[in-house]
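Chemist: Sharing target_34.pdb below, PDB, C-alpha atoms:
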ATOM      1  CA  MET A  91       0.000   0.000   0.000
ATOM      2  CA  LYS A  92       1.532   3.281  -1.056
ATOM      3  CA  THR A  93       1.803   6.125   1.414
ATOM      4  CA  PRO A  94      -0.772   8.780   0.532
ATOM      5  CA  THR A  95       0.697  11.976  -0.818
ATOM      6  CA  CYS A  96      -1.631  13.906   1.487
ATOM      7  CA  GLN A  97      -2.150  13.136   5.172
ATOM      8  CA  LEU A  98      -4.658  14.097   7.839
ATOM      9  CA  TYR A  99      -3.766  16.576  10.596
ATOM     10  CA  LEU A 100      -6.429  16.871  13.299
ATOM     11  CA  ILE A 101      -6.956  20.065  15.288
ATOM     12  CA  SER A 102      -8.726  19.813  18.616
ATOM     13  CA  PRO A 103     -11.904  21.678  19.443
ATOM     14  CA  LEU A 104     -11.490  24.271  22.187
ATOM     15  CA  GLY A 105     -13.244  21.962  24.662
ATOM     16  CA  VAL A 106     -11.077  18.894  25.242
ATOM     17  CA  GLY A 107     -12.416  17.719  28.605
ATOM     18  CA  GLY A 108     -15.343  15.387  29.269
ATOM     19  CA  ASP A 109     -15.613  12.591  26.731
ATOM     20  CA  PHE A 110     -13.166  14.157  24.284
ATOM     21  CA  PRO A 111     -10.337  11.668  25.006
ATOM     22  CA  ALA A 112     -12.677   8.846  23.966
ATOM     23  CA  ARG A 113     -13.613  10.737  20.803
ATOM     24  CA  LEU A 114      -9.925  11.243  19.993
ATOM     25  CA  GLU A 115      -9.266   7.541  20.563
ATOM     26  CA  ALA A 116     -12.109   6.699  18.175
ATOM     27  CA  ALA A 117     -10.754   9.070  15.530
ATOM     28  CA  LEU A 118      -7.181   7.802  15.711
ATOM     29  CA  SER A 119      -8.328   4.180  15.674
ATOM     30  CA  ALA A 120     -10.375   4.701  12.489
ATOM     31  CA  GLY A 121      -7.628   5.465   9.995
ATOM     32  CA  PRO A 122      -4.230   7.049   9.381
ATOM     33  CA  VAL A 123      -3.642  10.408  11.079
ATOM     34  CA  ALA A 124      -0.250  12.110  10.928
ATOM     35  CA  ALA A 125      -0.617  14.717  13.660
ATOM     36  CA  PHE A 126      -2.935  16.132  16.306
ATOM     37  CA  GLN A 127      -2.838  19.783  17.342
ATOM     38  CA  PHE A 128      -3.785  20.609  20.936
ATOM     39  CA  ARG A 129      -5.577  23.955  20.700
ATOM     40  CA  VAL A 130      -7.084  25.493  23.829
ATOM     41  CA  LYS A 131      -7.560  29.183  24.576
ATOM     42  CA  ASN A 132      -7.618  31.272  27.761
ATOM     43  CA  VAL A 133      -6.552  28.346  29.941
ATOM     44  CA  ALA A 134      -3.765  28.567  32.532
ATOM     45  CA  GLN A 135      -0.698  26.515  31.641
ATOM     46  CA  HIS A 136      -1.153  24.121  34.578
ATOM     47  CA  GLU A 137      -4.740  23.377  33.513
ATOM     48  CA  ALA A 138      -3.727  23.085  29.861
ATOM     49  CA  ALA A 139      -1.063  20.556  30.838
ATOM     50  CA  ARG A 140      -3.639  18.546  32.817
ATOM     51  CA  LEU A 141      -6.011  18.489  29.837
ATOM     52  CA  ALA A 142      -3.215  17.587  27.448
ATOM     53  CA  GLU A 143      -1.882  14.603  29.394
ATOM     54  CA  PRO A 144      -4.461  11.945  28.382
ATOM     55  CA  LEU A 145      -4.602  13.234  24.809
ATOM     56  CA  GLN A 146      -0.821  13.141  24.476
ATOM     57  CA  ALA A 147      -0.820   9.527  25.722
ATOM     58  CA  ILE A 148      -3.471   8.541  23.146
ATOM     59  CA  CYS A 149      -1.439  10.162  20.370
ATOM     60  CA  ALA A 150       1.720   8.385  21.498
ATOM     61  CA  ALA A 151      -0.073   5.030  21.499
ATOM     62  CA  HIS A 152      -1.131   5.617  17.883
ATOM     63  CA  GLU A 153       2.225   7.107  16.810
ATOM     64  CA  VAL A 154       0.544  10.414  16.002
ATOM     65  CA  ALA A 155       2.600  13.588  16.444
ATOM     66  CA  PHE A 156       1.314  15.779  19.295
ATOM     67  CA  ILE A 157       1.599  19.461  18.353
ATOM     68  CA  VAL A 158       0.805  22.368  20.701
ATOM     69  CA  ASN A 159      -0.917  25.423  19.251
ATOM     70  CA  ASP A 160       0.623  28.865  19.790
ATOM     71  CA  ASP A 161       2.488  28.181  23.052
ATOM     72  CA  ILE A 162       6.214  27.387  22.958
ATOM     73  CA  ALA A 163       6.450  27.235  26.764
ATOM     74  CA  LEU A 164       3.608  24.705  27.019
ATOM     75  CA  ALA A 165       5.121  22.630  24.215
ATOM     76  CA  LYS A 166       8.398  22.563  26.135
ATOM     77  CA  ARG A 167       6.682  21.673  29.428
ATOM     78  CA  LEU A 168       4.861  18.758  27.778
ATOM     79  CA  ALA A 169       7.888  17.630  25.748
ATOM     80  CA  ALA A 170       5.458  17.790  22.814
ATOM     81  CA  ASP A 171       6.470  16.719  19.331
ATOM     82  CA  GLY A 172       6.207  20.297  18.138
ATOM     83  CA  VAL A 173       4.471  23.648  18.126
ATOM     84  CA  HIS A 174       2.310  25.506  15.636
ATOM     85  CA  LEU A 175       2.841  29.275  15.578
ATOM     86  CA  GLY A 176       0.490  31.947  14.327
ATOM     87  CA  GLN A 177       2.013  35.136  12.992
ATOM     88  CA  GLY A 178       1.924  36.743  16.447
ATOM     89  CA  ASP A 179       2.915  33.728  18.506
ATOM     90  CA  GLY A 180       6.687  33.714  18.399
ATOM     91  CA  ASP A 181       9.667  33.152  16.157
ATOM     92  CA  PRO A 182      10.426  29.724  14.657
ATOM     93  CA  LYS A 183      14.095  30.287  15.504
ATOM     94  CA  ASP A 184      13.221  30.855  19.173
ATOM     95  CA  ALA A 185      10.977  27.778  19.132
ATOM     96  CA  ARG A 186      13.851  25.743  17.690
ATOM     97  CA  ARG A 187      16.226  26.973  20.419
ATOM     98  CA  GLN A 188      13.762  26.039  23.149
ATOM     99  CA  LEU A 189      12.354  22.787  21.742
ATOM    100  CA  GLY A 190      15.421  21.306  20.076
ATOM    101  CA  PRO A 191      16.334  19.997  16.639
ATOM    102  CA  GLU A 192      13.724  17.220  16.518
ATOM    103  CA  ALA A 193      10.672  19.416  17.186
ATOM    104  CA  GLN A 194       8.157  19.935  14.389
ATOM    105  CA  ILE A 195       7.590  23.672  13.989
ATOM    106  CA  GLY A 196       4.747  24.930  11.837
ATOM    107  CA  VAL A 197       3.834  28.493  10.918
ATOM    108  CA  THR A 198       0.518  29.978   9.794
ATOM    109  CA  CYS A 199       1.095  31.967   6.603
ATOM    110  CA  HIS A 200      -2.525  32.830   5.688
ATOM    111  CA  ASP A 201      -2.579  33.633   1.954
ATOM    112  CA  SER A 202       0.943  35.079   1.816
ATOM    113  CA  ARG A 203       3.689  33.640  -0.353
ATOM    114  CA  HIS A 204       6.104  36.087   1.289
ATOM    115  CA  LEU A 205       5.286  34.917   4.835
ATOM    116  CA  ALA A 206       5.640  31.293   3.747
ATOM    117  CA  MET A 207       9.076  31.895   2.284
ATOM    118  CA  GLU A 208      10.111  33.792   5.431
ATOM    119  CA  ALA A 209       8.919  30.893   7.602
ATOM    120  CA  GLY A 210      10.927  28.442   5.543
ATOM    121  CA  GLU A 211      14.030  30.582   5.853
ATOM    122  CA  ALA A 212      13.477  30.808   9.631
ATOM    123  CA  GLY A 213      13.591  27.022   9.917
ATOM    124  CA  ALA A 214       9.925  26.002   9.977
ATOM    125  CA  ASP A 215       9.191  22.333   9.254
ATOM    126  CA  TYR A 216       5.930  23.134   7.496
ATOM    127  CA  VAL A 217       3.883  26.134   6.404
ATOM    128  CA  ALA A 218       0.105  26.400   6.700
ATOM    129  CA  PHE A 219      -2.109  28.275   4.246
ATOM    130  CA  GLY A 220      -5.738  29.180   4.913
ATOM    131  CA  ALA A 221      -8.534  29.565   5.608
ATOM    132  CA  PHE A 222      -9.565  28.047   2.285
ATOM    133  CA  PHE A 223     -13.255  27.838   3.227
ATOM    134  CA  PRO A 224     -15.549  29.543   5.744
ATOM    135  CA  THR A 225     -14.854  28.247   9.230
ATOM    136  CA  ALA A 226     -16.460  28.573  12.648
ATOM    137  CA  THR A 227     -13.249  27.525  14.425
ATOM    138  CA  LYS A 228     -11.717  30.987  14.390
ATOM    139  CA  GLU A 229     -12.224  34.404  12.839
ATOM    140  CA  THR A 230     -10.390  34.595   9.518
ATOM    141  CA  ARG A 231      -9.621  37.468   7.162
ATOM    142  CA  HIS A 232      -7.561  35.585   4.592
ATOM    143  CA  ARG A 233      -8.962  33.369   1.861
ATOM    144  CA  PRO A 234      -6.258  31.937  -0.410
ATOM    145  CA  GLU A 235      -7.004  30.090  -3.623
ATOM    146  CA  PRO A 236      -5.996  26.406  -3.841
ATOM    147  CA  GLU A 237      -3.407  27.285  -6.507
ATOM    148  CA  ILE A 238      -1.131  28.691  -3.775
ATOM    149  CA  LEU A 239      -0.554  25.051  -2.773
ATOM    150  CA  THR A 240       0.396  24.155  -6.351
ATOM    151  CA  TRP A 241       2.766  27.138  -6.496
ATOM    152  CA  TRP A 242       4.445  26.113  -3.223
ATOM    153  CA  GLN A 243       4.840  22.497  -4.308
ATOM    154  CA  GLY A 244       6.491  23.572  -7.538
ATOM    155  CA  LEU A 245       9.226  25.543  -5.770
ATOM    156  CA  PHE A 246       9.857  24.162  -2.288
ATOM    157  CA  GLU A 247      10.507  20.840  -0.574
ATOM    158  CA  LEU A 248       8.958  22.007   2.718
ATOM    159  CA  PRO A 249       5.513  20.468   3.328
ATOM    160  CA  CYS A 250       2.428  22.670   3.130
ATOM    161  CA  VAL A 251      -0.718  22.341   5.210
ATOM    162  CA  ALA A 252      -4.173  23.425   4.059
ATOM    163  CA  ILE A 253      -6.426  24.700   6.831
ATOM    164  CA  GLY A 254      -9.792  26.322   7.329
ATOM    165  CA  GLY A 255     -13.309  24.966   6.940
ATOM    166  CA  ILE A 256     -12.176  21.683   5.364
ATOM    167  CA  THR A 257     -14.807  18.940   5.207
ATOM    168  CA  VAL A 258     -15.161  15.651   3.382
ATOM    169  CA  ASP A 259     -17.256  17.525   0.800
ATOM    170  CA  ASN A 260     -14.663  20.144  -0.165
ATOM    171  CA  ALA A 261     -11.310  18.526   0.626
ATOM    172  CA  LYS A 262     -10.527  16.946  -2.741
ATOM    173  CA  VAL A 263      -9.753  20.243  -4.474
ATOM    174  CA  LEU A 264      -7.006  20.882  -1.891
ATOM    175  CA  VAL A 265      -5.574  17.377  -2.251
ATOM    176  CA  ASP A 266      -5.530  17.817  -6.024
ATOM    177  CA  ALA A 267      -3.865  21.239  -5.671
ATOM    178  CA  GLY A 268      -0.952  19.700  -3.762
ATOM    179  CA  ALA A 269      -1.627  19.924  -0.013
ATOM    180  CA  ASP A 270       0.715  17.650   1.940
ATOM    181  CA  PHE A 271      -1.605  17.773   4.949
ATOM    182  CA  LEU A 272      -5.266  18.639   5.519
ATOM    183  CA  ALA A 273      -5.701  20.319   8.908
ATOM    184  CA  VAL A 274      -9.259  19.602  10.024
ATOM    185  CA  SER A 275     -11.197  20.472  13.163
ATOM    186  CA  GLY A 276     -14.970  20.873  12.770
ATOM    187  CA  GLY A 277     -14.951  18.571   9.738
ATOM    188  CA  ILE A 278     -13.968  15.765  12.129
ATOM    189  CA  TRP A 279     -15.514  16.597  15.505
ATOM    190  CA  ALA A 280     -18.824  17.933  14.126
ATOM    191  CA  HIS A 281     -19.257  15.214  11.498
ATOM    192  CA  PRO A 282     -22.856  13.933  11.750
ATOM    193  CA  GLU A 283     -21.727  10.294  11.930
ATOM    194  CA  GLY A 284     -18.960  10.966  14.457
ATOM    195  CA  PRO A 285     -15.183  11.427  14.303
ATOM    196  CA  ALA A 286     -14.359   7.822  13.336
ATOM    197  CA  ALA A 287     -16.609   7.987  10.271
ATOM    198  CA  ALA A 288     -15.069  11.340   9.368
ATOM    199  CA  VAL A 289     -11.515   9.968   9.544
ATOM    200  CA  ARG A 290     -12.498   7.013   7.348
ATOM    201  CA  ALA A 291     -14.068   9.375   4.803
ATOM    202  CA  PHE A 292     -11.000  11.633   4.741
ATOM    203  CA  ALA A 293      -8.724   8.595   4.412
ATOM    204  CA  ALA A 294     -10.598   7.622   1.280
ATOM    205  CA  ILE A 295     -10.180  11.129  -0.162
ATOM    206  CA  VAL A 296      -6.444  11.434   0.483
ATOM    207  CA  SER A 297      -5.703   7.923  -0.775
ATOM    208  CA  ASP A 298      -8.183   8.234  -3.654
ATOM    209  CA  GLN A 299      -9.832   4.974  -2.645
ATOM    210  CA  PRO A 300     -13.533   4.373  -1.917
ATOM    211  CA  ALA A 301     -14.506   4.462   1.748
ATOM    212  CA  GLY A 302     -15.372   1.063   3.202
TER     213      GLY A 302
END
Output the structure of this file as structure tokens.
Modeler:
Amino acid sequence: MKTPTCQLYLISPLGVGGDFPARLEAALSAGPVAAFQFRVKNVAQHEAARLAEPLQAICAAHEVAFIVNDDIALAKRLAADGVHLGQGDGDPKDARRQLGPEAQIGVTCHDSRHLAMEAGEAGADYVAFGAFFPTATKETRHRPEPEILTWWQGLFELPCVAIGGITVDNAKVLVDAGADFLAVSGGIWAHPEGPAAAVRAFAAIVSDQPAG
């Protein structure tokens, strides 16, 4: 079985307590997932670390990279696999100094080719473009066209992530355009048949095989 050219990158909802660990376990058991991003807001670091612990263990059991959103210090505290930085969340070079050579460092680049090239030069391991579609996960001002993924693939070796409002109904255009990863939140956790069904459906899209 060939490795799909595009892989799934899950982003947590803001609420990760309650039954969310079980929902994450179901998602990761349903099909191949490359990474999981822990994204909570307005939570003290101690509480964030408590919430992260069971999720990080589930990711480790499934060999899924555990990435912390926006917080280099929390990523370091958790010995996470990496950190994802927005444009106002810190410098990739500083993240590299603090987290070490093995950490996966991603940078949000919106719809900007310039920001993406800057991130690559600063040592990012991947760049993220988006939001490609309307999303309820966060307020967005940027709406790139899928061809920015094709442009990036034609010039750079660094992987690119497509993000923003991605669902099983609209994902294929981004796969076809050259996304290395689809970063999905609501399209997984709000899927009407549950997160496991969503992962199976996305797996079929990225591998170009029928779901079954």
Chemist: Using all atoms listed in the file, determine which residues lie at most 12 Å from Thr240 in chain A, disregarding the query and same-chain residues fewer than 4 positions distant; provide the list as a ChimeraX atom specification.
Modeler: /A:203,219,234-236,244-246,249-252,263-270
Chemist: Report as a list of chain:residue names the full result of the PyMOL selection byres ((chain A and resi 220) around 9) when it is applied to this structure.
Modeler: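 The output of the PyMOL selection byres ((chain A and resi 220) around 9) on this file is A:Thr198, A:Cys199, A:His200, A:Asp201, A:Ala218, A:Phe219, A:Ala221, A:Phe222, A:Phe223, A:Thr230, A:His232, A:Arg233, A:Pro234, A:Glu235, A:Val251, A:Ala252, A:Ile253, A:Gly254, A:Gly255.
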Chemist: Check the smallest atom-to-atom distance from each of A:Leu145, A:Arg113, A:Val106, A:His136 to His281 in chain A using all atoms listed in the file, then report the winner.
Modeler: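 Comparing A:Leu145, A:Arg113, A:Val106, A:His136 against His281 in chain A, the winner is A:Arg113.
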Chemist: Please give the centre and size of the box around range 220-232 of chain A (axis-aligned, containing every atom listed in the file, 5 Å added per side), with values in Å to one decimal and written as lines of an AutoDock Vina configuration file.
Modeler:
center_x = -11.1
center_y = 32.5
center_z = 8.4
size_x = 20.7
size_y = 19.9
size_z = 22.1
Chemist: To test your reading of the syntax: which residues would the PyMOL selection byres ((chain A and resi 161) around 9) return for the file shown? Reply as a ChimeraX atom specification.
Modeler: /A:158-160,162-166,173-175,179-180
Chemist: From the options A:Arg140, A:Asp184, A:Ala124, A:Ala170, which residue's atoms come nearest to Glu153 in chain A, counting only C-alpha atoms?
Modeler: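 The shortest atom-to-atom distance to Glu153 in chain A comes from A:Ala124.
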Chemist: Show me the residues around (-15.4, 9.6, 13.9) - criterion: an atom at most 10 Å away, only C-alpha atoms counted - as a ChimeraX atom specification.
Modeler: /A:113-121,277-291
Chemist: Pick out the closest residue to Asn260 in chain A from this set: A:Ala155, A:Cys96, A:Pro224, A:Ile148. Count all atoms listed in the file.
Modeler: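 Among the listed residues, the smallest separation from Asn260 in chain A belongs to A:Pro224.
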Chemist: So how far away is CA of Lys131 in chain A from CA of Arg231 in chain A, in Å?
Modeler: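 Atom-to-atom, CA of Arg231 in chain A to CA of Lys131 in chain A, that is 19.4 Å.
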Chemist: Report the residues retrieved by the PyMOL selection byres ((chain A and resi 98) around 8) from the displayed file, expressed as a PyMOL selection string.
Modeler: chain A and resi 96-97+99-100+122-125+271-274+292-293
Chemist: Which distance in Å separates CA of Gly196 in chain A and CA of Asp215 in chain A, to one decimal?
Modeler: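 So the answer is 5.8 Å.
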Chemist: Select, from A:Thr95, A:Gln243, A:Glu229, A:Pro182, the residue with the minimum atom-to-atom distance to Gly213 in chain A, counting all atoms listed in the file.
Modeler: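 With all atoms listed in the file as the atom set, the closest residue is A:Pro182.
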Chemist: What's the separation between CA of Leu239 in chain A and CA of Ala294 in chain A, in Å to one decimal place?
Modeler: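 Going from CA of Leu239 in chain A over to CA of Ala294 in chain A, I get 20.5 Å.
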Chemist: Between A:Gln177, A:Ala226, A:Thr257, A:Leu248, which has the minimum distance to Met207 in chain A (counting all atoms listed in the file)?
Modeler: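 Of A:Gln177, A:Ala226, A:Thr257, A:Leu248, the one nearest Met207 in chain A, counting all atoms listed in the file, is A:Leu248.
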Chemist: At the level of C-alpha atoms, write range 112-175 of chain A to a file as a short mmCIF file (atom, residue, chain, number, x, y, z; two decimals), in the first residue's frame, please.
Modeler:
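Wrote decode02.cif, looks like this:
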data_model
loop_
_atom_site.label_atom_id
_atom_site.label_comp_id
_atom_site.auth_asym_id
_atom_site.auth_seq_id
_atom_site.Cartn_x
_atom_site.Cartn_y
_atom_site.Cartn_z
CA ALA A 112 -12.68 8.85 23.97
CA ARG A 113 -13.61 10.74 20.80
CA LEU A 114 -9.93 11.24 19.99
CA GLU A 115 -9.27 7.54 20.56
CA ALA A 116 -12.11 6.70 18.17
CA ALA A 117 -10.75 9.07 15.53
CA LEU A 118 -7.18 7.80 15.71
CA SER A 119 -8.33 4.18 15.67
CA ALA A 120 -10.37 4.70 12.49
CA GLY A 121 -7.63 5.46 10.00
CA PRO A 122 -4.23 7.05 9.38
CA VAL A 123 -3.64 10.41 11.08
CA ALA A 124 -0.25 12.11 10.93
CA ALA A 125 -0.62 14.72 13.66
CA PHE A 126 -2.93 16.13 16.31
CA GLN A 127 -2.84 19.78 17.34
CA PHE A 128 -3.79 20.61 20.94
CA ARG A 129 -5.58 23.95 20.70
CA VAL A 130 -7.08 25.49 23.83
CA LYS A 131 -7.56 29.18 24.58
CA ASN A 132 -7.62 31.27 27.76
CA VAL A 133 -6.55 28.35 29.94
CA ALA A 134 -3.76 28.57 32.53
CA GLN A 135 -0.70 26.52 31.64
CA HIS A 136 -1.15 24.12 34.58
CA GLU A 137 -4.74 23.38 33.51
CA ALA A 138 -3.73 23.08 29.86
CA ALA A 139 -1.06 20.56 30.84
CA ARG A 140 -3.64 18.55 32.82
CA LEU A 141 -6.01 18.49 29.84
CA ALA A 142 -3.21 17.59 27.45
CA GLU A 143 -1.88 14.60 29.39
CA PRO A 144 -4.46 11.94 28.38
CA LEU A 145 -4.60 13.23 24.81
CA GLN A 146 -0.82 13.14 24.48
CA ALA A 147 -0.82 9.53 25.72
CA ILE A 148 -3.47 8.54 23.15
CA CYS A 149 -1.44 10.16 20.37
CA ALA A 150 1.72 8.39 21.50
CA ALA A 151 -0.07 5.03 21.50
CA HIS A 152 -1.13 5.62 17.88
CA GLU A 153 2.22 7.11 16.81
CA VAL A 154 0.54 10.41 16.00
CA ALA A 155 2.60 13.59 16.44
CA PHE A 156 1.31 15.78 19.30
CA ILE A 157 1.60 19.46 18.35
CA VAL A 158 0.80 22.37 20.70
CA ASN A 159 -0.92 25.42 19.25
CA ASP A 160 0.62 28.86 19.79
CA ASP A 161 2.49 28.18 23.05
CA ILE A 162 6.21 27.39 22.96
CA ALA A 163 6.45 27.23 26.76
CA LEU A 164 3.61 24.71 27.02
CA ALA A 165 5.12 22.63 24.22
CA LYS A 166 8.40 22.56 26.14
CA ARG A 167 6.68 21.67 29.43
CA LEU A 168 4.86 18.76 27.78
CA ALA A 169 7.89 17.63 25.75
CA ALA A 170 5.46 17.79 22.81
CA ASP A 171 6.47 16.72 19.33
CA GLY A 172 6.21 20.30 18.14
CA VAL A 173 4.47 23.65 18.13
CA HIS A 174 2.31 25.51 15.64
CA LEU A 175 2.84 29.28 15.58
#
